[in-house]
file input.csv (CSV, C-alpha atoms and all ligand atoms)
chain,number,residue,atom,x,y,z
F,4,MET,CA,19.2,-12.7,-27.5
F,5,CYS,CA,20.0,-12.8,-23.8
F,6,LYS,CA,23.8,-13.1,-23.8
F,7,LYS,CA,23.8,-15.3,-20.7
F,8,CYS,CA,21.0,-17.6,-21.5
F,9,SER,CA,20.8,-17.5,-25.3
F,10,ILE,CA,17.0,-17.1,-25.3
F,11,GLU,CA,14.5,-14.4,-26.4
F,12,PRO,CA,14.9,-11.2,-24.4
F,13,VAL,CA,12.0,-9.4,-22.6
F,14,TYR,CA,13.9,-6.2,-22.0
F,15,VAL,CA,16.8,-4.1,-23.4
F,16,LEU,CA,18.9,-2.0,-21.1
F,17,GLN,CA,20.1,1.4,-22.0
F,18,ASN,CA,23.6,0.0,-22.9
F,19,ASN,CA,21.7,-2.3,-25.4
F,20,GLU,CA,22.2,-5.4,-23.2
F,21,GLN,CA,19.3,-7.8,-23.8
F,22,LEU,CA,17.8,-9.6,-20.8
F,23,CYS,CA,15.6,-12.7,-20.7
F,24,LYS,CA,12.8,-13.0,-18.2
F,25,GLN,CA,14.9,-14.5,-15.4
F,26,CYS,CA,17.8,-12.1,-16.0
F,27,PHE,CA,15.5,-9.1,-16.0
F,28,ILE,CA,14.0,-10.2,-12.7
F,29,LYS,CA,17.4,-10.6,-11.2
F,30,TYR,CA,18.6,-7.2,-12.6
F,31,PHE,CA,15.5,-5.5,-11.1
F,32,GLU,CA,15.7,-7.1,-7.7
F,33,LYS,CA,19.4,-6.5,-7.4
F,34,LYS,CA,19.0,-2.8,-8.1
F,35,VAL,CA,16.2,-2.4,-5.6
F,36,LEU,CA,18.2,-4.2,-3.0
F,37,LYS,CA,21.1,-1.9,-3.7
F,38,THR,CA,18.9,1.1,-3.1
F,39,LEU,CA,17.6,-0.3,0.2
F,40,ARG,CA,21.1,-0.9,1.4
F,41,THR,CA,22.8,2.2,0.0
F,42,TYR,CA,20.4,4.5,1.7
F,43,LYS,CA,20.0,2.3,4.8
F,44,MET,CA,16.3,2.5,4.3
F,45,ILE,CA,15.5,-0.2,6.8
F,46,GLU,CA,17.4,-0.3,10.2
F,47,LYS,CA,17.2,-2.7,13.1
F,48,GLY,CA,14.1,-2.1,15.2
F,49,ASP,CA,12.2,-0.3,12.4
F,50,VAL,CA,8.4,-0.7,12.2
F,51,VAL,CA,7.7,-0.7,8.5
F,52,VAL,CA,4.4,0.3,6.8
F,53,ALA,CA,4.0,0.3,3.0
F,54,ALA,CA,1.5,2.6,1.3
F,55,LEU,CA,-0.5,0.4,-1.0
F,56,SER,CA,-2.7,1.7,-3.8
F,57,GLY,CA,-3.2,-1.6,-5.5
F,58,GLY,CA,-1.3,-0.4,-8.6
F,59,LYS,CA,1.9,-1.9,-10.1
F,60,ASP,CA,4.3,0.3,-8.3
F,61,SER,CA,3.0,0.0,-4.7
F,62,MET,CA,2.5,-3.8,-5.2
F,63,THR,CA,6.0,-4.3,-6.5
F,64,CYS,CA,7.4,-2.1,-3.7
F,65,LEU,CA,5.5,-4.0,-1.0
F,66,TYR,CA,6.5,-7.4,-2.4
F,67,LEU,CA,10.2,-6.6,-2.5
F,68,LEU,CA,10.2,-4.8,0.8
F,69,ASP,CA,8.3,-7.7,2.5
F,70,ASN,CA,10.9,-10.2,1.2
F,71,TYR,CA,13.7,-8.0,2.4
F,72,CYS,CA,12.2,-7.3,5.9
F,73,LYS,CA,11.2,-10.9,6.5
F,74,LYS,CA,14.9,-11.9,6.4
F,75,GLN,CA,15.4,-9.4,9.3
F,76,GLY,CA,12.4,-10.6,11.3
F,77,ILE,CA,10.4,-7.5,10.4
F,78,GLN,CA,6.7,-7.9,9.5
F,79,VAL,CA,5.7,-5.2,6.9
F,80,GLN,CA,2.1,-3.9,7.2
F,81,ALA,CA,0.3,-2.3,4.3
F,82,LEU,CA,-1.8,0.9,4.4
F,83,ALA,CA,-4.3,1.7,1.7
F,84,ILE,CA,-6.2,5.0,1.3
F,85,ASP,CA,-9.6,5.1,-0.1
F,86,GLU,CA,-10.2,8.6,-1.5
F,87,GLY,CA,-13.6,7.7,-2.9
F,88,ILE,CA,-13.0,7.7,-6.6
F,89,GLU,CA,-15.7,5.8,-8.4
F,90,THR,CA,-14.8,3.2,-11.1
F,91,TYR,CA,-11.2,3.4,-10.1
F,92,ARG,CA,-10.3,3.1,-6.4
F,93,GLU,CA,-12.7,0.2,-5.7
F,94,VAL,CA,-10.9,-1.8,-8.5
F,95,THR,CA,-7.4,-1.1,-7.2
F,96,LEU,CA,-8.4,-1.7,-3.5
F,97,LYS,CA,-9.8,-5.1,-4.5
F,98,ASP,CA,-6.4,-5.9,-6.1
F,99,ALA,CA,-4.6,-4.7,-3.0
F,100,LYS,CA,-6.7,-7.0,-0.8
F,101,LYS,CA,-6.1,-10.0,-3.1
F,102,PHE,CA,-2.4,-9.3,-3.0
F,103,CYS,CA,-2.2,-9.0,0.8
F,104,ASP,CA,-4.3,-12.1,1.3
F,105,TYR,CA,-2.1,-14.1,-1.0
F,106,TYR,CA,1.2,-12.9,0.6
F,107,LYS,CA,-0.3,-12.8,4.2
F,108,ILE,CA,0.5,-9.1,4.7
F,109,PRO,CA,-1.8,-7.2,7.2
F,110,LEU,CA,-3.7,-4.6,5.3
F,111,HIS,CA,-5.2,-1.5,6.9
F,112,THR,CA,-7.5,1.0,5.1
F,113,LEU,CA,-8.3,4.6,5.8
F,114,SER,CA,-11.0,6.4,3.9
F,115,PHE,CA,-11.6,10.1,3.2
F,116,LYS,CA,-15.3,9.3,3.9
F,117,LYS,CA,-14.7,7.9,7.4
F,118,MET,CA,-12.1,10.5,8.4
F,119,PHE,CA,-13.6,13.6,6.8
F,120,GLU,CA,-17.2,12.7,5.9
F,121,PHE,CA,-16.7,13.3,2.2
F,122,THR,CA,-15.3,11.4,-0.8
F,123,LEU,CA,-13.0,13.0,-3.3
F,124,ASP,CA,-15.8,12.6,-5.9
F,125,SER,CA,-18.4,14.5,-3.7
F,126,PHE,CA,-15.8,17.1,-2.9
F,127,LEU,CA,-15.1,17.7,-6.6
F,128,LYS,CA,-18.7,18.1,-7.4
F,129,GLU,CA,-18.9,21.0,-5.0
F,130,HIS,CA,-15.5,22.6,-5.4
F,131,LYS,CA,-13.6,23.9,-8.4
F,132,MET,CA,-10.2,22.7,-7.4
F,133,ASN,CA,-7.5,20.6,-9.1
F,134,PRO,CA,-8.5,17.0,-8.2
F,135,CYS,CA,-4.9,15.9,-7.8
F,136,THR,CA,-4.0,18.8,-5.6
F,137,ALA,CA,-6.8,18.0,-3.1
F,138,CYS,CA,-6.3,14.3,-3.4
F,139,GLY,CA,-2.5,14.5,-2.9
F,140,ILE,CA,-2.7,16.8,0.1
F,141,ILE,CA,-5.2,14.6,2.0
F,142,ARG,CA,-3.7,11.3,1.0
F,143,ARG,CA,-0.2,12.3,2.1
F,144,TYR,CA,-1.7,13.5,5.4
F,145,LEU,CA,-3.6,10.2,6.0
F,146,ILE,CA,-0.6,8.1,5.0
F,147,ASN,CA,1.6,9.8,7.5
F,148,ARG,CA,-1.0,9.9,10.3
F,149,GLY,CA,-2.1,6.3,9.6
F,150,ALA,CA,1.4,4.9,9.5
F,151,ARG,CA,2.4,6.8,12.7
F,152,GLU,CA,-0.7,5.4,14.4
F,153,LEU,CA,0.4,1.9,13.4
F,154,GLY,CA,3.7,2.7,15.2
F,155,ALA,CA,5.7,3.0,12.0
F,156,THR,CA,9.2,4.4,11.9
F,157,LYS,CA,9.4,4.1,8.1
F,158,VAL,CA,6.7,4.4,5.5
F,159,ALA,CA,7.5,3.1,2.1
F,160,THR,CA,5.9,4.3,-1.1
F,161,GLY,CA,6.1,2.9,-4.6
F,162,HIS,CA,7.5,6.1,-6.3
F,163,ASN,CA,9.7,5.2,-9.3
F,164,LEU,CA,12.3,7.2,-11.2
F,165,ASP,CA,9.7,8.6,-13.6
F,166,ASP,CA,7.6,9.9,-10.7
F,167,GLU,CA,10.6,11.6,-9.1
F,168,ALA,CA,11.7,13.2,-12.4
F,169,GLN,CA,8.1,14.5,-12.9
F,170,SER,CA,7.9,15.9,-9.4
F,171,LEU,CA,11.2,17.7,-9.8
F,172,LEU,CA,10.1,19.3,-13.1
F,173,MET,CA,6.7,20.2,-11.7
F,174,ASN,CA,8.3,21.9,-8.7
F,175,GLN,CA,10.7,23.7,-11.0
F,176,PHE,CA,8.1,24.9,-13.4
F,177,LYS,CA,5.8,26.0,-10.5
F,178,GLY,CA,8.6,27.8,-8.7
F,179,ASN,CA,8.2,25.4,-5.7
F,180,ILE,CA,11.8,24.5,-5.3
F,181,SER,CA,11.5,24.2,-1.5
F,182,PHE,CA,9.1,21.2,-2.1
F,183,SER,CA,12.0,19.4,-3.8
F,184,ALA,CA,13.9,19.4,-0.6
F,185,LYS,CA,11.3,16.9,0.7
F,186,LEU,CA,12.0,14.5,-2.3
F,187,GLY,CA,14.8,12.0,-2.6
F,188,PRO,CA,15.0,8.3,-1.9
F,189,ILE,CA,14.6,8.8,1.9
F,190,THR,CA,13.4,11.9,3.7
F,191,GLY,CA,15.6,13.8,6.0
F,192,VAL,CA,15.7,13.3,9.8
F,193,LEU,CA,15.1,16.9,10.7
F,194,MET,CA,11.6,17.3,9.4
F,195,HIS,CA,9.3,17.0,12.3
F,196,LYS,CA,8.8,14.5,15.1
F,197,GLN,CA,5.3,13.7,13.8
F,198,PHE,CA,6.7,12.8,10.4
F,199,VAL,CA,7.3,9.2,9.7
F,200,ARG,CA,10.4,9.0,7.5
F,201,ARG,CA,9.5,8.1,3.9
F,202,ILE,CA,11.5,5.6,1.8
F,203,LYS,CA,11.2,4.9,-1.9
F,204,PRO,CA,12.8,1.5,-2.7
F,205,LEU,CA,11.9,1.8,-6.4
F,206,TYR,CA,13.6,5.2,-6.7
F,207,PHE,CA,16.0,4.2,-9.4
F,208,MET,CA,13.7,2.0,-11.4
F,209,LEU,CA,12.0,3.3,-14.6
F,210,GLU,CA,8.2,3.1,-14.7
F,211,LYS,CA,8.3,0.7,-17.7
F,212,GLU,CA,10.6,-1.6,-15.7
F,213,VAL,CA,8.2,-1.7,-12.8
F,214,ALA,CA,5.3,-2.4,-15.1
F,215,LEU,CA,7.2,-5.3,-16.7
F,216,TYR,CA,8.3,-6.7,-13.3
F,217,ALA,CA,4.7,-6.6,-12.1
F,218,VAL,CA,3.5,-8.4,-15.2
F,219,LEU,CA,6.3,-11.0,-15.1
F,220,LYS,CA,5.6,-11.7,-11.5
F,221,GLU,CA,1.9,-12.0,-12.3
F,222,PHE,CA,0.8,-9.6,-9.6
F,223,PRO,CA,-3.0,-9.1,-9.5
F,224,VAL,CA,-2.9,-5.6,-11.1
F,225,THR,CA,-5.8,-4.3,-13.2
F,226,PHE,CA,-4.2,-1.5,-15.2
F,227,VAL,CA,-6.8,1.2,-14.7
F,228,GLU,CA,-6.3,4.9,-14.8
F,229,CYS,CA,-7.8,7.4,-12.4
F,230,PRO,CA,-10.5,9.4,-14.2
F,231,ASN,CA,-9.0,12.6,-12.8
F,232,ALA,CA,-5.6,11.9,-14.3
F,233,GLN,CA,-6.6,13.1,-17.8
F,234,GLY,CA,-5.2,16.5,-18.4
F,235,ALA,CA,-3.4,16.5,-15.0
F,236,PHE,CA,-0.2,18.5,-15.0
F,237,ARG,CA,1.8,15.4,-14.0
F,238,LEU,CA,0.5,13.5,-17.0
F,239,GLN,CA,1.6,16.3,-19.3
F,240,ILE,CA,5.0,16.4,-17.8
F,241,GLY,CA,5.2,12.6,-18.0
F,242,GLU,CA,4.4,12.8,-21.7
F,243,ILE,CA,7.1,15.4,-22.3
F,244,LEU,CA,9.6,13.3,-20.4
F,245,ASN,CA,8.7,10.2,-22.4
F,246,ASN,CA,9.2,12.0,-25.7
F,247,LEU,CA,12.5,13.4,-24.6
F,248,GLU,CA,13.6,10.0,-23.3
F,249,LYS,CA,12.8,8.5,-26.7
F,250,ASP,CA,15.1,11.0,-28.5
F,251,TYR,CA,17.7,11.4,-25.7
F,252,PRO,CA,17.9,8.2,-23.7
F,253,GLY,CA,18.9,8.8,-20.1
F,254,THR,CA,17.1,12.1,-19.8
F,255,LYS,CA,15.0,10.9,-16.7
F,256,GLN,CA,18.1,9.5,-15.0
F,257,GLY,CA,20.0,12.7,-15.8
F,258,ILE,CA,17.3,14.8,-14.0
F,259,VAL,CA,17.2,12.6,-10.9
F,260,TYR,CA,20.9,12.0,-10.6
F,261,SER,CA,21.8,15.7,-10.9
F,262,PHE,CA,19.1,16.5,-8.4
F,263,LEU,CA,20.7,14.0,-5.9
F,264,GLU,CA,23.9,16.0,-6.2
F,265,ILE,CA,22.2,19.2,-5.0
F,266,LEU,CA,19.8,17.6,-2.6
F,267,PRO,CA,22.1,18.1,0.5
F,268,LYS,CA,22.4,21.8,-0.3
F,269,LEU,CA,18.6,22.1,-0.7
F,270,ARG,CA,17.9,20.4,2.6
F,271,GLU,CA,20.5,22.6,4.3
F,272,GLN,CA,18.6,25.6,3.0
F,273,PHE,CA,15.0,24.5,3.6
F,274,GLN,CA,15.2,22.0,6.4
F,275,THR,CA,17.7,23.3,9.0
F,276,GLU,CA,16.5,23.7,12.6
F,277,LYS,CA,15.8,27.3,11.7
F,278,GLY,CA,13.6,26.5,8.8
F,279,ALA,CA,12.2,23.4,10.4
F,280,ILE,CA,8.5,22.5,9.9
F,281,GLY,CA,6.1,23.6,12.6
F,282,THR,CA,3.0,22.0,14.1
F,283,CYS,CA,-0.6,22.6,12.9
F,284,GLN,CA,-2.5,24.4,15.5
F,285,SER,CA,-5.7,22.6,14.6
F,286,CYS,CA,-4.7,18.9,14.3
F,287,GLY,CA,-1.2,18.7,15.7
F,288,GLU,CA,0.3,17.3,12.4
F,289,PRO,CA,3.4,18.8,10.8
F,290,ALA,CA,2.7,22.1,9.1
F,291,ALA,CA,4.7,24.7,7.2
F,292,LYS,CA,2.3,27.5,8.3
F,293,THR,CA,0.0,27.9,11.3
F,294,TYR,CA,-2.3,25.2,9.9
F,295,CYS,CA,-1.4,22.2,7.8
F,296,ARG,CA,-2.5,22.0,4.2
F,297,THR,CA,-5.3,19.5,5.0
F,298,CYS,CA,-6.8,21.7,7.8
F,299,GLU,CA,-6.6,24.7,5.4
F,300,LEU,CA,-8.5,22.6,2.8
F,301,LEU,CA,-11.1,21.4,5.3
F,302,GLU,CA,-11.7,24.9,6.5
F,303,LYS,CA,-12.5,26.0,2.9
F,304,ILE,CA,-15.0,23.2,2.4
F,305,LYS,CA,-16.8,23.3,5.8
F,306,PRO,CA,-20.3,23.8,4.3
F,307,VAL,CA,-19.9,20.7,2.2
F,308,LYS,CA,-18.8,18.6,5.1
F,309,LYS,CA,-22.0,19.4,7.0
F,310,LYS,CA,-24.2,18.2,4.1
F,401,LIG,S1,-4.7,11.0,-10.5
F,401,LIG,FE1,-5.0,12.7,-9.1
F,401,LIG,S2,-7.1,12.4,-8.3
F,401,LIG,FE2,-6.5,10.4,-9.2
F,401,LIG,S3,-5.5,9.2,-7.5
F,401,LIG,FE3,-3.9,10.3,-8.6
F,401,LIG,S4,-3.6,12.3,-7.4
F,401,LIG,FE4,-5.6,11.4,-6.9
F,402,ZN,ZN,19.1,-14.6,-19.4
F,403,ZN,ZN,-3.9,20.2,10.6

call {"tool": "encode", "arguments": {"input": "input.csv", "output": "structure tokens"}}
result
Amino acid sequence: MCKKCSIEPVYVLQNNEQLCKQCFIKYFEKKVLKTLRTYKMIEKGDVVVAALSGGKDSMTCLYLLDNYCKKQGIQVQALAIDEGIETYREVTLKDAKKFCDYYKIPLHTLSFKKMFEFTLDSFLKEHKMNPCTACGIIRRYLINRGARELGATKVATGHNLDDEAQSLLMNQFKGNISFSAKLGPITGVLMHKQFVRRIKPLYFMLEKEVALYAVLKEFPVTFVECPNAQGAFRLQIGEILNNLEKDYPGTKQGIVYSFLEILPKLREQFQTEKGAIGTCQSCGEPAAKTYCRTCELLEKIKPVKKK
């Protein structure tokens, strides 16, 4: 029973406290608000763009961010990326549009097809490459570029605590520790002048909490999974973490909270002026090497692009 309201609970917190629907919504919103404030994610004069996939996380993020920003006279805009993944993206983009129409949020869409003359599906037919690697590189590129072209000073993503714990383990297992310096609830200031600072308002929320919130708020989410997700490294890591969490509650938080303690040191090591990110000589976007990862990828697939 919910202690406060004496009605059936919909959620049980880690400390065994049971929450009814209204108490859960209150708990969730309070925690997100605290994250927004603690990390000063939104400042006066910010132009805010939220990346919107049409899934539960990005919709929840946009909804709460829009409420928060409205009170400060800031109009949040949404940016969706259409990678061209049949049976999946068209469904989530339809949901995204429904959501933005309902809440009167301007929605902009950028597609792989329009920007690069190929879809992720056509690319994968021609190239043996990990779908999520290609998809992630180009999508991040387009989100940053698209947000900047909309004048954004902050771009929000719907990453939750599960996503962050997974990313941290993936970087650790692959020996990409420098990638972790780019994680955290808000990206550092010293990255690159073309980089729009990224914020993650749902940073401390568990995935299952976000899913429950989206359901309770009746957001128009069709729970579909990308056909490329099966067998993806992230999914495997997610399963390992879920199993560990079952046996050792608090595992995910443990990973993320201990990471936050070492994050300043990581950034010092990988993002000082000395190690600052350079500029891609082909497109002018931020790049760790001579060319950014998107241009490197496009170079590899040139013959396909011409088809
Ligand atoms: S599962 Fe992989 S391919 Fe599908 S949308 Fe996510 S990153 Fe892209
Ligand atoms: Zn209650
Ligand atoms: Zn480039």

call {"tool": "closest_atom_pairs", "arguments": {"input": "input.csv", "of": "chain F", "to": "ligand LIG 401 (chain F)", "cutoff": "7 Å", "atoms": "only C-alpha atoms and all ligand atoms", "output": "tab-separated table"}}
result
residue	atom	partner	partner_atom	distance
F:Pro134	CA	F:LIG401	S2	4.8
F:Cys135	CA	F:LIG401	FE1	3.5
F:Thr136	CA	F:LIG401	S4	6.8
F:Cys138	CA	F:LIG401	FE4	4.6
F:Gly139	CA	F:LIG401	S4	5.1
F:Cys229	CA	F:LIG401	FE2	4.6
F:Pro230	CA	F:LIG401	FE2	6.5
F:Asn231	CA	F:LIG401	S2	4.9
F:Ala232	CA	F:LIG401	S1	4.0

call {"tool": "closest_atom_pairs", "arguments": {"input": "input.csv", "of": "chain F", "to": "ligand ZN 402 (chain F)", "cutoff": "9 Å", "atoms": "all atoms listed in the file", "output": "CSV"}}
result
residue,atom,partner,partner_atom,distance
F:Met4,CA,F:ZN402,ZN,8.3
F:Cys5,CA,F:ZN402,ZN,4.8
F:Lys6,CA,F:ZN402,ZN,6.6
F:Lys7,CA,F:ZN402,ZN,4.9
F:Cys8,CA,F:ZN402,ZN,4.1
F:Ser9,CA,F:ZN402,ZN,6.8
F:Ile10,CA,F:ZN402,ZN,6.7
F:Glu11,CA,F:ZN402,ZN,8.4
F:Pro12,CA,F:ZN402,ZN,7.4
F:Gln21,CA,F:ZN402,ZN,8.1
F:Leu22,CA,F:ZN402,ZN,5.4
F:Cys23,CA,F:ZN402,ZN,4.2
F:Lys24,CA,F:ZN402,ZN,6.6
F:Gln25,CA,F:ZN402,ZN,5.8
F:Cys26,CA,F:ZN402,ZN,4.4
F:Phe27,CA,F:ZN402,ZN,7.4

call {"tool": "residues_around", "arguments": {"input": "input.csv", "residues": "Ile84 in chain F", "least_positions_apart": "2", "cutoff": "9 Å", "atoms": "only C-alpha atoms", "output": "ChimeraX atom specification"}}
result
/F:54-56,82,86-87,92,96,111-115,142,145-146

call {"tool": "closest_residue", "arguments": {"input": "input.csv", "among": "F:Asn174, F:Gln233, F:Thr122, F:Gln284", "to": "ligand ZN 403 (chain F)", "atoms": "all atoms listed in the file"}}
result
F:Gln284

call {"tool": "closest_residue", "arguments": {"input": "input.csv", "among": "F:Pro289, F:Gly253, F:Pro204, F:Pro223", "to": "Phe31 in chain F", "atoms": "only C-alpha atoms"}}
result
F:Pro204

call {"tool": "residues_near_ligand", "arguments": {"input": "input.csv", "ligand": "ligand ZN 403 (chain F)", "cutoff": "6 Å", "atoms": "only C-alpha atoms and all ligand atoms", "output": "list in words"}}
result
Cys283, Ser285, Cys286, Gly287, Glu288, Tyr294, Cys295, Thr297 and Cys298 of chain F

call {"tool": "closest_residue", "arguments": {"input": "input.csv", "among": "F:Val50, F:Ile202, F:Met44, F:Leu263", "to": "His162 in chain F", "atoms": "only C-alpha atoms"}}
result
F:Ile202

call {"tool": "atom_distance", "arguments": {"input": "input.csv", "atom1": "CA of Gly281 in chain F", "atom2": "CA of Val52 in chain F"}}
result
24.1 Å

call {"tool": "closest_residue", "arguments": {"input": "input.csv", "among": "F:Asn163, F:Gln197, F:Ala137, F:Tyr91", "to": "Cys64 in chain F", "atoms": "all atoms listed in the file"}}
result
F:Asn163

call {"tool": "atom_distance", "arguments": {"input": "input.csv", "atom1": "CA of Glu93 in chain F", "atom2": "CA of Tyr66 in chain F"}}
result
20.9 Å

call {"tool": "closest_residue", "arguments": {"input": "input.csv", "among": "F:Glu46, F:Asp166, F:Glu212, F:Glu271", "to": "Ile258 in chain F", "atoms": "only C-alpha atoms"}}
result
F:Asp166

call {"tool": "residues_around", "arguments": {"input": "input.csv", "residues": "Gln78 in chain F", "least_positions_apart": "5", "cutoff": "10 Å", "atoms": "all atoms listed in the file", "output": "VMD selection string"}}
result
chain F and resid 49 to 52 68 to 73 108 to 109

call {"tool": "atom_distance", "arguments": {"input": "input.csv", "atom1": "CA of Lys185 in chain F", "atom2": "CA of Asp165 in chain F"}}
result
16.6 Å

call {"tool": "residues_around", "arguments": {"input": "input.csv", "residues": "Gly161 in chain F", "least_positions_apart": "2", "cutoff": "7 Å", "atoms": "all atoms listed in the file", "output": "PDB file with C-alpha atoms, keeping the file's coordinate frame"}}
result
ATOM      1  CA  ASP F  60       4.300   0.300  -8.300  1.00  0.00           C
ATOM      2  CA  SER F  61       3.000   0.000  -4.700  1.00  0.00           C
ATOM      3  CA  CYS F  64       7.400  -2.100  -3.700  1.00  0.00           C
ATOM      4  CA  ALA F 159       7.500   3.100   2.100  1.00  0.00           C
ATOM      5  CA  ASN F 163       9.700   5.200  -9.300  1.00  0.00           C
ATOM      6  CA  LYS F 203      11.200   4.900  -1.900  1.00  0.00           C
ATOM      7  CA  LEU F 205      11.900   1.800  -6.400  1.00  0.00           C
TER       8      LEU F 205
END

call {"tool": "residues_near_point", "arguments": {"input": "input.csv", "point": "(6.7, 10.5, -16.1)", "cutoff": "9 Å", "atoms": "only C-alpha atoms", "output": "count of residues only"}}
result
18

call {"tool": "residues_near_point", "arguments": {"input": "input.csv", "point": "(12.2, -6.7, -5.9)", "cutoff": "6 Å", "atoms": "all atoms listed in the file", "output": "number ranges by chain"}}
result
F: 32, 35, 67

call {"tool": "residues_around", "arguments": {"input": "input.csv", "residues": "Ile265 in chain F", "least_positions_apart": "3", "cutoff": "12 Å", "atoms": "all atoms listed in the file", "output": "JSON, numbers by chain"}}
result
{"F": [180, 183, 184, 186, 187, 258, 259, 260, 261, 262, 268, 269, 270, 271, 272]}
